[in-house]
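Trainee: Before I ask anything, let me first share the structure, which is written out below as structure tokens.
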Amino acid sequence: MDDWKDLRYLAAFTIPLSAVISLYFKGPWSYFTPFYAFVLIPVMEVLLPQDASNLDGEARKEKEKSQFFDWLLYLNLPIVYGLLAYLLWDVFHHSYAPYELVGLCLSLGVVLGVNGINVGHELGHRQQTAERFLGKALLLPSFYMHFYIEHNFGHHAHAATAEDPATAKYNQSVFSFWFTSVTRQYANALKIQQKLLQNAGKGFFSIQNDMLWYLIFQLGYLAVIFALFGATGLWFALGAGVVGFLLLETVNYIEHYGLMRKKLPSGRYERVRECHSWNSNHVIGRIVLYELTRHSDHHYKSAKKYQVLECHDTSPQMPYGYPTSMVLSLVPPLWFAIMNPRIPKEMKPDADSLSLA
């Protein structure tokens with residue numbers, strides 16, 4: 001590391017830190033993490049200036065080779081699992097009011113979504129097997145290990161098309177999207193896995209069936225939690241995991257909402273371009289989410305490391321950062337009023353074929 005500005009990515013660890021605060025003070029403070037993530041951060045996003053600058057060629061090469069940025073990702077594994085284990089132990093050995101358990105569950109769920117799934121997504125695109133393993137381990141507590149298959153082999157091929165479950169349709173609410181994306185992504189992951197097995201001449205119960213392994217690992221994870229922390233720990237882990245993957249799906253919702261690729265006369269779609277992902281240059285959201293908000297560049301070259309992702313002038317820009325946009329999406333009429341006018345006319349469906357979900 002040769003630039004103190006690189007330390008800004010340490011801000012991502014304020015999410016688990018906020019969960020520690022929730023646990024320490026308890027009571028109403030149990031809700032501090034969701035309050036921090038979806039009230040305080042959006043306020044900071046509005047107050048702080050945006051930054052659309054990109055690294056120049058030499059600086060980009062240096063940042064890409066620096067292992068400092070990789071270790072920032074790796075550190076999320078012990079932090080996420082350490083916090084998870086301590087919270088499970090704590091709720092098992094102490095009596096909490098129901099509202100406190102809900103608050104702590106939400107707080108842990110935010111950590112699982114931001115420092116778990118989001119980091120797992122970044123590592124899942126890496127070329128090293130060990131890094132992909134760490135990425136899958138971070139997906140496990142949210143029961144979303146299948147995301148590795150569907151996202152890498154499905155979403156990146158079909159993004160911004162009707163075939164992609166992780167692309168929200170025009171006028172589709174986030175609540176409808178949660179259901180369609182969760183169910184269709186799992187089904188797609190099964191189909192992709194089956195095709196991979198068939199190409200390798202293997203059956204469903206092959207040792208190469210990753211979907212089967214994911215199921216075993218996740219059920220084993222829950223079994224261990226039940227054995228160690230009883231029914232309370234089991235329900236707590238289940239609730240936090242659901243919060244984690246619903247946060248992911250909310251991010252999926254805002255990333256491509258209403259942006260669709262043209263279908264060519266050949267029946268194929270035009271290639272994915274910078275205009276097929278929503279982007280944001282709001283600084284706080286960028287660093288807390290490890291530059292996920294520069295999503296167009298990620299689709300252009302999925303193996304590109306987060307610290308060197310670029311802003312493209314042709315990419316559609318969100319009026320707010322990703323955390324703020326996630327909150328807005330929970331109020332569909334407000335979301336539609338803000339975002340629908342920003343969608344290019346050529347991407348909007350005909351009035352008689354709108355998807356009113």
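Every chain in the structure tokens has a letter given in the order shown (A, B, ...), and although residue numbers restart at 1 in each chain, ligands are simply numbered from 1 in the order shown.
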What lies within 10 Å of Ala12 in chain A using only C-alpha atoms, ignoring chain neighbours under 5 positions off, as a list of chain:residue names?

Mentor: A:Leu17, A:Leu72, A:Leu73, A:Asn76, A:Val111, A:Val114, A:Asn115, A:Ile284, A:Gly285, A:Arg286, A:Ile287, A:Val288, A:Leu289, A:Tyr290

Trainee: Give the alpha helix (DSSP H) residues of range 248-343 of chain A, as assigned by DSSP on the backbone, as a ChimeraX atom specification.

Mentor: /A:248-256,283-288,295-300,322-329,332-339

Trainee: Need the shell around His151 in chain A: protein/DNA/RNA residues with any atom at most 9 Å away, counting only C-alpha atoms. Skip same-chain ones fewer than 4 positions apart. Format as a VMD selection string?

Mentor: chain A and resid 121 146 to 147 155 to 157 166 185 189

Trainee: Which is closest to Ser22 in chain A among A:Gly57, A:Pro349, A:Pro323, A:Pro34, if we use only C-alpha atoms?

Mentor: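 The shortest atom-to-atom distance to Ser22 in chain A comes from A:Pro34.
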
Trainee: If we count only C-alpha atoms and set the cut-off at 7 Å, which residues sit around Gln317 in chain A, ignoring sequence neighbours fewer than 3 positions away in its own chain? Please answer as a PyMOL selection string.

Mentor: chain A and resi 278-280
